[in-house]
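**Student:** You'll find model-v6.txt just under this line, and it carries compact mmCIF, C-alpha atoms.
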```txt
# COMPACT_ATOMS: atom_id res chain seq x y z
CA MET A 6 183.19 -149.38 94.68
CA LYS A 7 183.78 -146.22 92.68
CA LYS A 8 180.37 -146.51 91.11
CA ASP A 9 178.86 -146.99 94.53
CA ILE A 10 180.33 -143.76 95.84
CA MET A 11 178.99 -141.90 92.82
CA ARG A 12 175.53 -143.31 93.42
CA LEU A 13 175.54 -142.39 97.12
CA GLY A 14 176.86 -138.92 96.41
CA LEU A 15 174.26 -138.36 93.76
CA ALA A 16 171.41 -139.44 96.02
CA LEU A 17 172.68 -137.18 98.77
CA ALA A 18 173.05 -134.24 96.37
CA LEU A 19 169.51 -134.77 95.12
CA PHE A 20 168.02 -134.65 98.60
CA ALA A 21 170.15 -131.65 99.57
CA ALA A 22 169.06 -129.78 96.44
CA GLY A 23 165.41 -130.54 97.15
CA ALA A 24 165.78 -129.32 100.73
CA CYS A 25 167.49 -126.12 99.53
CA VAL A 26 164.68 -125.30 97.12
CA ALA A 27 162.04 -125.85 99.80
CA LEU A 28 163.95 -123.75 102.34
CA ALA A 29 164.52 -120.93 99.88
CA LEU A 30 160.76 -120.77 99.30
CA VAL A 31 159.93 -120.64 103.02
CA TYR A 32 162.67 -118.07 103.61
CA THR A 33 161.39 -115.75 100.88
CA VAL A 34 157.91 -115.90 102.35
CA THR A 35 158.86 -115.34 106.00
CA GLU A 36 161.86 -113.00 105.68
CA PRO A 37 159.95 -109.70 105.20
CA THR A 38 157.67 -110.49 108.16
CA ILE A 39 160.60 -111.28 110.44
CA ALA A 40 162.48 -108.12 109.47
CA GLY A 41 159.31 -106.05 109.81
CA LEU A 42 158.63 -107.42 113.30
CA GLU A 43 162.12 -106.56 114.46
CA ARG A 44 161.86 -103.02 113.12
CA GLU A 45 158.44 -102.55 114.71
CA GLN A 46 159.64 -103.76 118.09
CA LEU A 47 162.63 -101.42 117.93
CA GLU A 48 160.56 -98.41 116.92
CA ALA A 49 158.04 -99.08 119.67
CA SER A 50 160.80 -99.33 122.27
CA LEU A 51 162.49 -96.13 121.06
CA LYS A 52 159.18 -94.25 121.24
CA ASP A 53 158.61 -95.72 124.67
CA LEU A 54 161.95 -94.40 125.97
CA PHE A 55 161.63 -90.93 124.44
CA PRO A 56 157.88 -90.28 124.15
CA GLY A 57 158.50 -86.63 123.32
CA ALA A 58 160.90 -87.23 120.46
CA ASP A 59 159.80 -86.65 116.87
CA GLY A 60 162.75 -88.29 115.14
CA PHE A 61 165.31 -91.02 115.63
CA GLU A 62 168.53 -91.00 113.71
CA PRO A 63 170.96 -93.94 113.71
CA ILE A 64 174.37 -93.09 115.09
CA THR A 65 177.07 -94.57 112.88
CA SER A 66 180.31 -93.78 114.65
CA GLY A 67 181.86 -92.70 117.88
CA LEU A 68 179.62 -94.68 120.20
CA ASP A 69 181.37 -97.86 121.22
CA SER A 70 181.40 -100.13 124.21
CA GLY A 71 184.45 -99.80 126.41
CA THR A 72 184.39 -103.36 127.69
CA PRO A 73 184.46 -106.69 125.85
CA ALA A 74 181.69 -108.04 128.12
CA VAL A 75 179.10 -105.72 126.59
CA THR A 76 178.62 -105.29 122.86
CA PHE A 77 176.59 -102.53 121.21
CA SER A 78 174.58 -103.48 118.16
CA GLY A 79 173.15 -100.07 117.39
CA SER A 80 172.42 -96.63 118.75
CA TRP A 81 170.03 -93.85 117.89
CA LYS A 82 169.88 -90.14 118.57
CA ALA A 83 166.47 -88.95 119.71
CA SER A 84 165.62 -85.40 118.79
CA LYS A 85 162.70 -83.01 118.98
CA ALA A 86 162.51 -80.07 116.61
CA GLY A 87 166.23 -80.31 115.93
CA GLU A 88 167.19 -80.41 119.58
CA THR A 89 168.90 -83.53 120.92
CA LEU A 90 166.98 -85.18 123.73
CA GLY A 91 169.37 -88.06 124.26
CA VAL A 92 170.56 -91.31 122.81
CA ALA A 93 169.24 -94.86 122.87
CA VAL A 94 171.80 -97.65 122.88
CA LYS A 95 171.11 -101.28 122.09
CA GLY A 96 173.54 -103.41 124.01
CA ALA A 97 174.02 -107.12 124.64
CA ALA A 98 175.79 -109.07 127.36
CA SER A 99 176.03 -112.73 128.18
CA SER A 100 173.40 -113.69 130.75
CA TYR A 101 172.15 -116.87 132.41
CA GLY A 102 170.32 -118.35 129.41
CA GLY A 103 172.32 -116.83 126.55
CA ASP A 104 172.78 -113.27 125.38
CA ALA A 105 170.50 -110.64 126.87
CA VAL A 106 169.72 -107.59 124.74
CA MET A 107 168.58 -104.28 126.19
CA LEU A 108 167.72 -100.87 124.85
CA VAL A 109 168.90 -98.11 127.16
CA GLY A 110 167.95 -94.47 126.87
CA VAL A 111 170.39 -91.79 128.09
CA SER A 112 169.31 -88.18 128.40
CA SER A 113 171.45 -85.15 127.61
CA GLU A 114 171.48 -84.41 131.33
CA GLY A 115 173.48 -87.56 131.96
CA ARG A 116 170.65 -89.65 133.36
CA ILE A 117 169.20 -92.99 132.35
CA VAL A 118 165.72 -92.27 131.05
CA GLY A 119 164.79 -95.91 130.90
CA ALA A 120 165.92 -99.42 130.13
CA ARG A 121 163.94 -102.05 128.23
CA VAL A 122 164.74 -105.72 127.82
CA MET A 123 164.51 -106.74 124.16
CA THR A 124 165.70 -110.34 124.34
CA LEU A 125 166.11 -112.47 127.42
CA VAL A 126 165.97 -116.24 127.65
CA ASP A 127 165.70 -117.16 131.28
CA THR A 128 163.98 -119.28 133.89
CA PRO A 129 160.34 -118.34 134.53
CA GLY A 130 159.88 -117.32 138.14
CA LEU A 131 163.57 -116.46 138.46
CA GLY A 132 165.60 -114.49 135.91
CA ALA A 133 162.61 -114.02 133.63
CA ASN A 134 161.19 -111.74 136.33
CA ALA A 135 163.39 -109.05 134.78
CA THR A 136 160.67 -108.63 132.17
CA ASN A 137 157.70 -109.38 134.44
CA PRO A 138 155.67 -106.17 134.85
CA SER A 139 154.24 -107.38 138.16
CA TYR A 140 157.53 -108.35 139.76
CA PHE A 141 158.71 -105.51 141.96
CA VAL A 142 162.13 -105.04 143.50
CA ASP A 143 160.54 -102.39 145.66
CA LYS A 144 156.97 -103.37 146.48
CA ALA A 145 156.08 -100.08 148.17
CA SER A 146 156.78 -97.92 145.11
CA LYS A 147 156.00 -100.67 142.57
CA THR A 148 159.41 -100.42 140.93
CA THR A 149 160.25 -103.23 138.51
CA PHE A 150 163.80 -104.47 138.04
CA THR A 151 164.38 -102.42 134.90
CA GLY A 152 162.28 -99.58 136.30
CA GLN A 153 164.83 -98.89 139.02
CA PHE A 154 167.32 -97.65 136.41
CA SER A 155 165.10 -94.78 135.30
CA GLY A 156 166.46 -91.51 136.55
CA LYS A 157 169.79 -92.90 137.76
CA ALA A 158 172.82 -90.75 136.99
CA VAL A 159 175.23 -92.41 134.55
CA GLY A 160 178.09 -91.76 136.96
CA ASP A 161 176.55 -94.01 139.65
CA ALA A 162 178.27 -97.21 140.75
CA PHE A 163 175.74 -99.65 139.20
CA GLU A 164 176.67 -102.41 141.58
CA VAL A 165 174.19 -105.22 142.08
CA LYS A 166 173.11 -105.56 145.72
CA LYS A 167 174.42 -102.04 146.47
CA ASP A 168 172.74 -99.35 144.42
CA VAL A 169 170.93 -101.86 142.18
CA VAL A 170 168.44 -104.29 143.72
CA ALA A 171 168.93 -107.81 142.37
CA ILE A 172 166.17 -110.17 141.24
CA SER A 173 165.98 -112.78 143.98
CA ALA A 174 168.00 -115.92 143.20
CA SER A 175 169.09 -114.49 139.82
CA THR A 176 172.36 -112.71 140.46
CA ILE A 177 173.83 -113.62 137.07
CA THR A 178 170.91 -112.13 135.16
CA SER A 179 170.82 -109.05 137.40
CA LYS A 180 174.53 -108.44 136.92
CA ALA A 181 174.41 -108.94 133.15
CA LEU A 182 171.51 -106.53 132.69
CA THR A 183 173.06 -103.97 135.02
CA SER A 184 176.36 -104.12 133.13
CA ILE A 185 174.56 -103.31 129.88
CA VAL A 186 172.83 -100.30 131.44
CA LYS A 187 176.06 -99.05 133.00
CA GLU A 188 178.09 -99.37 129.81
CA ALA A 189 175.36 -97.90 127.60
CA GLY A 190 174.91 -95.02 130.04
CA GLY A 191 178.60 -94.20 130.17
CA ALA A 192 179.20 -94.47 126.43
CA GLY A 193 175.93 -92.72 125.58
CA SER A 194 176.58 -89.70 127.78
CA ALA A 195 180.19 -89.48 126.56
CA TRP A 196 178.91 -89.40 122.98
CA LEU A 197 176.36 -86.76 123.84
CA ALA A 198 179.01 -84.58 125.50
CA ALA A 199 181.28 -84.87 122.46
CA ASN A 200 178.75 -84.61 119.66
CA ALA A 201 175.66 -82.82 120.80
CA ALA A 202 177.09 -80.20 123.12
CA GLY A 203 175.59 -76.81 122.49
CA GLY A 204 172.51 -78.30 120.94
CA THR A 205 171.00 -78.90 124.35
CA ARG A 206 170.31 -76.91 127.40
CA MET B 7 141.16 -149.15 109.80
CA LYS B 8 141.70 -151.09 113.01
CA ARG B 9 145.35 -151.55 112.07
CA MET B 10 145.78 -147.78 111.55
CA TRP B 11 144.21 -147.09 114.94
CA LYS B 12 146.65 -149.53 116.53
CA ILE B 13 149.62 -147.76 114.92
CA PHE B 14 148.29 -144.38 116.06
CA VAL B 15 147.40 -145.29 119.60
CA LYS B 16 150.65 -146.99 120.52
CA GLY B 17 152.48 -143.65 120.56
CA LEU B 18 150.14 -142.28 123.21
CA VAL B 19 150.69 -144.72 126.06
CA VAL B 20 152.11 -148.16 125.34
CA GLU B 21 155.04 -146.92 123.27
CA ASN B 22 155.03 -143.30 124.38
CA PRO B 23 158.34 -141.88 123.15
CA LEU B 24 159.10 -140.01 126.36
CA LEU B 25 157.61 -142.19 129.06
CA MET B 26 158.18 -145.70 127.64
CA LEU B 27 160.89 -145.46 125.00
CA MET B 28 162.64 -142.76 127.06
CA ILE B 29 164.06 -140.88 124.11
CA GLY B 30 164.15 -137.16 123.36
CA LEU B 31 164.28 -136.30 127.04
CA CYS B 32 166.58 -133.29 127.28
CA SER B 33 164.43 -130.88 125.32
CA ALA B 34 161.38 -132.28 127.11
CA VAL B 35 162.67 -131.38 130.56
CA ALA B 36 164.19 -128.10 129.37
CA VAL B 37 161.16 -126.42 127.77
CA THR B 38 158.43 -127.56 130.15
CA SER B 39 158.64 -124.71 132.65
CA SER B 40 155.62 -123.02 131.05
CA VAL B 41 152.53 -124.44 129.34
CA SER B 42 152.76 -122.29 126.21
CA ASN B 43 156.30 -123.53 125.66
CA GLY B 44 155.19 -127.13 126.17
CA ILE B 45 152.37 -126.87 123.63
CA GLY B 46 154.51 -124.93 121.16
CA MET B 47 157.37 -127.38 121.35
CA GLY B 48 155.01 -130.35 121.06
CA LEU B 49 153.26 -128.99 117.97
CA ALA B 50 156.52 -127.92 116.31
CA MET B 51 157.96 -131.37 116.83
CA THR B 52 154.73 -133.05 115.63
CA PHE B 53 154.87 -131.03 112.40
CA VAL B 54 158.48 -132.01 111.78
CA ILE B 55 157.99 -135.70 112.53
CA VAL B 56 154.86 -135.98 110.33
CA PHE B 57 156.52 -134.44 107.29
CA ALA B 58 159.87 -136.12 107.83
CA GLU B 59 158.23 -139.56 108.10
CA LEU B 60 156.03 -138.85 105.08
CA VAL B 61 158.89 -137.75 102.82
CA ILE B 62 161.20 -140.54 103.88
CA SER B 63 158.51 -143.15 103.51
CA LEU B 64 157.66 -141.84 100.01
CA PHE B 65 161.29 -142.07 98.90
CA ARG B 66 162.21 -145.14 100.95
CA LYS B 67 162.87 -147.26 97.85
CA ILE B 68 165.39 -144.85 96.31
CA ILE B 69 167.25 -143.90 99.49
CA PRO B 70 170.49 -145.94 99.39
CA SER B 71 170.83 -147.65 102.77
CA ASP B 72 174.53 -146.70 103.06
CA ALA B 73 173.72 -143.01 102.88
CA ARG B 74 170.42 -143.09 104.74
CA ILE B 75 171.49 -141.31 107.94
CA PRO B 76 172.78 -138.13 106.21
CA ILE B 77 169.68 -138.09 104.01
CA PHE B 78 167.39 -138.42 107.06
CA ILE B 79 169.22 -135.53 108.69
CA ILE B 80 168.89 -133.34 105.59
CA VAL B 81 165.15 -133.97 105.45
CA ILE B 82 164.61 -133.43 109.19
CA ALA B 83 166.81 -130.31 109.25
CA ALA B 84 164.94 -128.79 106.30
CA PHE B 85 161.55 -129.18 108.01
CA THR B 86 162.93 -127.95 111.34
CA THR B 87 164.29 -124.79 109.72
CA MET B 88 160.91 -124.21 108.09
CA VAL B 89 159.21 -124.43 111.49
CA ASP B 90 161.83 -122.15 113.02
CA LEU B 91 161.40 -119.47 110.34
CA SER B 92 157.61 -119.65 110.42
CA MET B 93 157.55 -119.33 114.20
CA GLN B 94 159.88 -116.33 114.09
CA ALA B 95 157.58 -114.69 111.58
CA TYR B 96 154.16 -115.51 113.01
CA PHE B 97 154.72 -116.37 116.70
CA PRO B 98 157.66 -114.13 117.67
CA ALA B 99 157.01 -114.29 121.42
CA LEU B 100 156.83 -118.08 121.48
CA SER B 101 159.89 -118.35 119.26
CA LYS B 102 161.84 -116.13 121.64
CA SER B 103 160.93 -118.04 124.75
CA MET B 104 161.89 -121.38 123.19
CA GLY B 105 165.28 -120.11 122.15
CA VAL B 106 167.63 -122.77 120.96
CA PHE B 107 165.27 -125.72 121.43
CA ILE B 108 163.49 -125.33 118.10
CA PRO B 109 166.67 -125.68 116.01
CA LEU B 110 167.57 -128.59 118.26
CA ILE B 111 164.54 -130.57 117.01
CA VAL B 112 166.95 -131.66 114.25
CA VAL B 113 168.78 -133.90 116.67
CA ASN B 114 165.68 -135.00 118.59
CA CYS B 115 166.12 -138.75 118.81
CA ILE B 116 162.36 -139.43 118.64
CA ILE B 117 162.27 -138.25 115.04
CA MET B 118 165.52 -139.94 114.10
CA GLY B 119 164.37 -143.13 115.83
CA ARG B 120 160.91 -143.29 114.21
CA VAL B 121 162.27 -142.45 110.78
CA GLU B 122 164.86 -145.20 111.03
CA ALA B 123 162.68 -147.81 112.72
CA PHE B 124 159.36 -147.12 111.00
CA ALA B 125 159.18 -144.69 108.07
CA SER B 126 162.11 -146.18 106.16
CA LYS B 127 160.28 -149.53 105.99
CA GLU B 128 156.55 -148.80 105.93
CA LYS B 129 154.00 -147.26 103.55
CA PRO B 130 153.51 -143.45 103.56
CA LEU B 131 150.03 -143.53 105.11
CA ASP B 132 151.15 -145.79 107.96
CA ALA B 133 154.19 -143.56 108.50
CA VAL B 134 152.02 -140.45 108.83
CA VAL B 135 149.71 -142.19 111.30
CA ASP B 136 152.70 -143.38 113.32
CA ALA B 137 154.16 -139.85 113.28
CA LEU B 138 150.86 -138.35 114.46
CA GLY B 139 150.67 -140.83 117.33
CA MET B 140 154.25 -140.20 118.39
CA GLY B 141 153.89 -136.44 118.01
CA LEU B 142 150.70 -136.34 120.08
CA GLY B 143 152.23 -138.70 122.63
CA TYR B 144 155.10 -136.24 122.97
CA THR B 145 152.79 -133.21 123.09
CA TRP B 146 150.46 -134.49 125.81
CA VAL B 147 153.34 -135.40 128.06
CA LEU B 148 155.04 -132.01 127.54
CA THR B 149 151.81 -130.12 128.15
CA GLY B 150 151.01 -132.18 131.24
CA ILE B 151 154.44 -131.75 132.79
CA ALA B 152 154.44 -128.04 131.92
CA ALA B 153 150.99 -127.49 133.45
CA PHE B 154 152.10 -129.18 136.68
CA ARG B 155 155.33 -127.17 136.84
CA GLU B 156 153.87 -123.81 135.90
CA LEU B 157 150.96 -124.16 138.31
CA LEU B 158 153.10 -125.02 141.33
CA GLY B 159 156.27 -123.16 140.36
CA ASN B 160 154.75 -119.91 139.18
CA GLY B 161 151.11 -120.04 140.30
CA SER B 162 149.89 -119.53 136.74
CA LEU B 163 148.63 -121.41 133.68
CA LEU B 164 149.40 -120.17 130.16
CA GLY B 165 150.76 -117.03 131.77
CA ALA B 166 147.51 -116.17 133.58
CA ARG B 167 147.55 -116.30 137.35
CA VAL B 168 145.16 -118.97 138.65
CA MET B 169 146.35 -119.57 142.19
CA PRO B 170 145.11 -117.24 144.95
CA GLU B 171 147.33 -114.29 145.93
CA SER B 172 148.28 -116.02 149.17
CA PHE B 173 149.80 -118.97 147.28
CA GLN B 174 153.57 -118.92 147.59
CA ALA B 175 155.06 -120.25 144.33
CA ILE B 176 157.28 -123.31 144.86
CA LEU B 177 160.33 -122.38 142.81
CA PHE B 178 161.63 -125.93 143.03
CA PHE B 179 159.23 -127.02 140.30
CA THR B 180 160.48 -124.40 137.86
CA LEU B 181 164.09 -125.47 138.35
CA PRO B 182 165.61 -128.56 136.68
CA PRO B 183 165.38 -130.85 139.76
CA GLY B 184 161.63 -130.21 139.93
CA GLY B 185 161.43 -131.01 136.23
CA PHE B 186 163.01 -134.40 136.79
CA MET B 187 160.72 -135.15 139.69
CA VAL B 188 157.54 -134.30 137.79
CA PHE B 189 158.88 -136.29 134.88
CA ALA B 190 159.32 -139.32 137.13
CA LEU B 191 155.75 -138.92 138.39
CA PHE B 192 154.52 -138.97 134.80
CA ILE B 193 156.50 -142.12 134.08
CA SER B 194 154.83 -143.93 136.96
CA PHE B 195 151.42 -142.59 135.95
CA ASN B 196 151.99 -143.86 132.42
CA LEU B 197 153.07 -147.30 133.69
CA TRP B 198 149.81 -147.50 135.62
CA LEU B 199 147.87 -146.52 132.48
CA LYS B 200 149.71 -149.15 130.49
CA LYS B 201 149.01 -151.83 133.07
CA LYS B 202 145.30 -151.02 132.92
CA ALA B 203 145.33 -151.07 129.12
CA VAL B 204 147.11 -154.43 129.04
CA ALA B 205 144.75 -155.91 131.65
CA ARG B 206 141.73 -154.75 129.65
CA ALA B 207 143.14 -156.22 126.45
CA GLY B 208 143.81 -159.48 128.30
CA ALA B 209 140.27 -159.62 129.70
CA ALA B 210 138.80 -158.97 126.26
CA ALA B 211 140.90 -161.73 124.74
CA ALA B 212 139.85 -164.17 127.49
CA LYS B 213 136.19 -163.32 126.89
CA GLU B 214 136.54 -163.96 123.18
CA ALA B 215 138.24 -167.30 123.84
CA ALA B 216 135.43 -168.33 126.19
```
Is it possible to express this structure as structure tokens?
**Tutor:**
Amino acid sequence: MKKDIMRLGLALALFAAGACVALALVYTVTEPTIAGLEREQLEASLKDLFPGADGFEPITSGLDSGTPAVTFSGSWKASKAGETLGVAVKGAASSYGGDAVMLVGVSSEGRIVGARVMTLVDTPGLGANATNPSYFVDKASKTTFTGQFSGKAVGDAFEVKKDVVAISASTITSKALTSIVKEAGGAGSAWLAANAAGGTR
Amino acid sequence: MKRMWKIFVKGLVVENPLLMLMIGLCSAVAVTSSVSNGIGMGLAMTFVIVFAELVISLFRKIIPSDARIPIFIIVIAAFTTMVDLSMQAYFPALSKSMGVFIPLIVVNCIIMGRVEAFASKEKPLDAVVDALGMGLGYTWVLTGIAAFRELLGNGSLLGARVMPESFQAILFFTLPPGGFMVFALFISFNLWLKKKAVARAGAAAAKEAA
């Protein structure tokens, strides 16, 4: 009996060790590519939000989410020739198909300059329309769901079905994304007021 | 050669894992709302099942039968993680849209079932052929269901719009109930295929006898 357990344990350990070696190899090969892709995507989105900026600097302290429903995973200060243009905040909230991650740009004037969805797992034809460039909440002006946030003042109500148009049949997704924009806008402009005052006009 | 062909072909229709054995269904219904997801999931799962069956068949004599289930899981999980990492690195968009379903290949009962019922008893070459048949059987069904659902539920195929502008997408097919209905249609279609295949085999046998 004792011998039997030793034998089983040994066989199991052998297979586990083999699997570990193989996985370590694959991980070493793919890890740089995965990290590079994430960085690229982030840089492209930052540039997209602040096309005029010439530098992005990570913000390390003082910019935190005020509600447990939204978590911030990073924020950057966009500047041009030493002048602060605004901040970009990466925030996540629980949505219909898991966590949704957005990058929200806030200008020094207290307006949302834009909002981009980074990660969203949702139903095609429903919630996934949040990232569909040809799905318009306002057909006349060709405004997409995230496009409607551009230019909004951070002090606005941000209430779905009132000042924010929902994606049809996807209230949960609409609310989650809106909450990220609202929280990022509030926290971002508060940080700008406290830390970059004087540097902007 | 004929024997190999028989092992391969049974996974496609007669013993199709989804439509006849009815295993591995939850991921199948969950990812089939778009064709690219269906193909991606099918190929990922085919890769895992081929290598898992190969490795287990190679080591079948030294795997102690009392500890076989944990060993199977270690092998399957290792290959699944490899697929997951490679997809994140080289197909980031696909990896994002599949979300949690790639890691969940570990507990896909098709792989577990074939490894236990086939690979742990048969020779490596046979195991690989069996895995290819099962993997392709899984992939064609996923792709078929996904094409049906994406076309009617979103008016597109592989993300490109194919239906005329005036076509109003039928959201029902994108949602889970539509998935179940299309799935049921595929089951009946497969039963019809199987009936034809059996009838043909019967006719051929009768001819030989006469």
**Student:** Only residues of chain A matter here; which ones have an atom within 6 Å of chain B, counting all atoms listed in the file? Give them as a PyMOL selection string.
**Tutor:** chain A and resi 24+35+38-39+130
**Student:** How many Å lie between CA of Pro56 in chain A and CA of Gly156 in chain A, rounded to one decimal?
**Tutor:**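 Computing it gives 15.1 Å between the two atoms.
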**Student:** Using all atoms listed in the file, which protein or nucleic acid residues come within 10 Å of range 44-53 of chain B? Drop anything in the same chain fewer than 3 positions from it, and give the result as a PyMOL selection string.
**Tutor:** chain B and resi 33-41+56-58+85-86+89-90+93+97+100-101+104+107-108+111-112+114+116-117+137-153+164
**Student:** Of the candidates A:Asp161, A:Gly71, A:Val170, A:Ile177, which one gets nearest to Phe141 in chain A if we count all atoms listed in the file?
**Tutor:**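 Smallest separation from Phe141 in chain A among the options: A:Val170.
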**Student:** Fewer than 3 positions away in the same chain doesn't count, so skip those; otherwise give me all residues within 8 Å of range 199-214 of chain B, counting all atoms listed in the file, as a PyMOL selection string.
**Tutor:** chain B and resi 19-20+195-196
**Student:** Between CA of Ser80 in chain A and CA of Gly132 in chain A, what distance in Å does the model show, to one decimal?
**Tutor:**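 Between CA of Ser80 in chain A and CA of Gly132 in chain A the gap is 25.7 Å.
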**Student:** Residues at most 10 Å from Arg116 in chain A, counting all atoms listed in the file, excluding those fewer than 3 positions away in the same chain, as a ChimeraX atom specification?
**Tutor:** /A:91,110-113,119,154-161,190-191,193-194
**Student:** What is the CA of Val54 in chain B-CA of Leu17 in chain A distance in Å, reported with one decimal?
**Tutor:**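 Going from CA of Val54 in chain B over to CA of Leu17 in chain A, I get 19.9 Å.
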**Student:** Write out as a ChimeraX atom specification the residues lying within 12 Å of Ala190 in chain B, counting only C-alpha atoms and excluding same-chain residues fewer than 2 positions away.
**Tutor:** /B:24-26,28,31,35,147,151,183-188,192-197
**Student:** Restricting the calculation to only C-alpha atoms, which member of A:Met123, A:Val92, A:Leu15, A:Ala98 is positioned closest to Ala198 in chain A?
**Tutor:**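 Among the listed residues, A:Val92 lies closest to Ala198 in chain A.
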**Student:** Counting all atoms listed in the file, which residues come within 9 Å of (149.2, -141.5, 109.9), with the point read in the file's coordinates, and could you list them as a ChimeraX atom specification?
**Tutor:** /B:10,13-14,56,60,130-139
**Student:** What are the centre and edge lengths in Å, to one decimal, of the axis-aligned box around all listed atoms of range 74-86 of chain A with 5 Å added on each side, as lines of an AutoDock Vina configuration file?
**Tutor:**
```
center_x = 172.1
center_y = -94.1
center_z = 122.4
size_x = 29.2
size_y = 38.0
size_z = 21.5
```
**Student:** So which residues fall inside 9 Å of (161.9, -101.1, 137.1) if we count all atoms listed in the file? Mind giving them as a tab-separated table (two decimals) with C-alpha atoms, keeping the file's coordinate frame?
**Tutor:**
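The resulting file, out.tsv, is reproduced below:
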```tsv
chain	number	residue	atom	x	y	z
A	119	GLY	CA	164.79	-95.91	130.90
A	120	ALA	CA	165.92	-99.42	130.13
A	135	ALA	CA	163.39	-109.05	134.78
A	138	PRO	CA	155.67	-106.17	134.85
A	140	TYR	CA	157.53	-108.35	139.76
A	141	PHE	CA	158.71	-105.51	141.96
A	142	VAL	CA	162.13	-105.04	143.50
A	143	ASP	CA	160.54	-102.39	145.66
A	147	LYS	CA	156.00	-100.67	142.57
A	148	THR	CA	159.41	-100.42	140.93
A	149	THR	CA	160.25	-103.23	138.51
A	150	PHE	CA	163.80	-104.47	138.04
A	151	THR	CA	164.38	-102.42	134.90
A	152	GLY	CA	162.28	-99.58	136.30
A	153	GLN	CA	164.83	-98.89	139.02
A	154	PHE	CA	167.32	-97.65	136.41
A	155	SER	CA	165.10	-94.78	135.30
```
**Student:** Contacts of range 60-65 of chain A at 7 Å or less, counting all atoms listed in the file, minus same-chain residues fewer than 5 places along, as a list in words?
**Tutor:** Ser80, Trp81, Lys82, Ala83, Ser84 and Lys85 of chain A
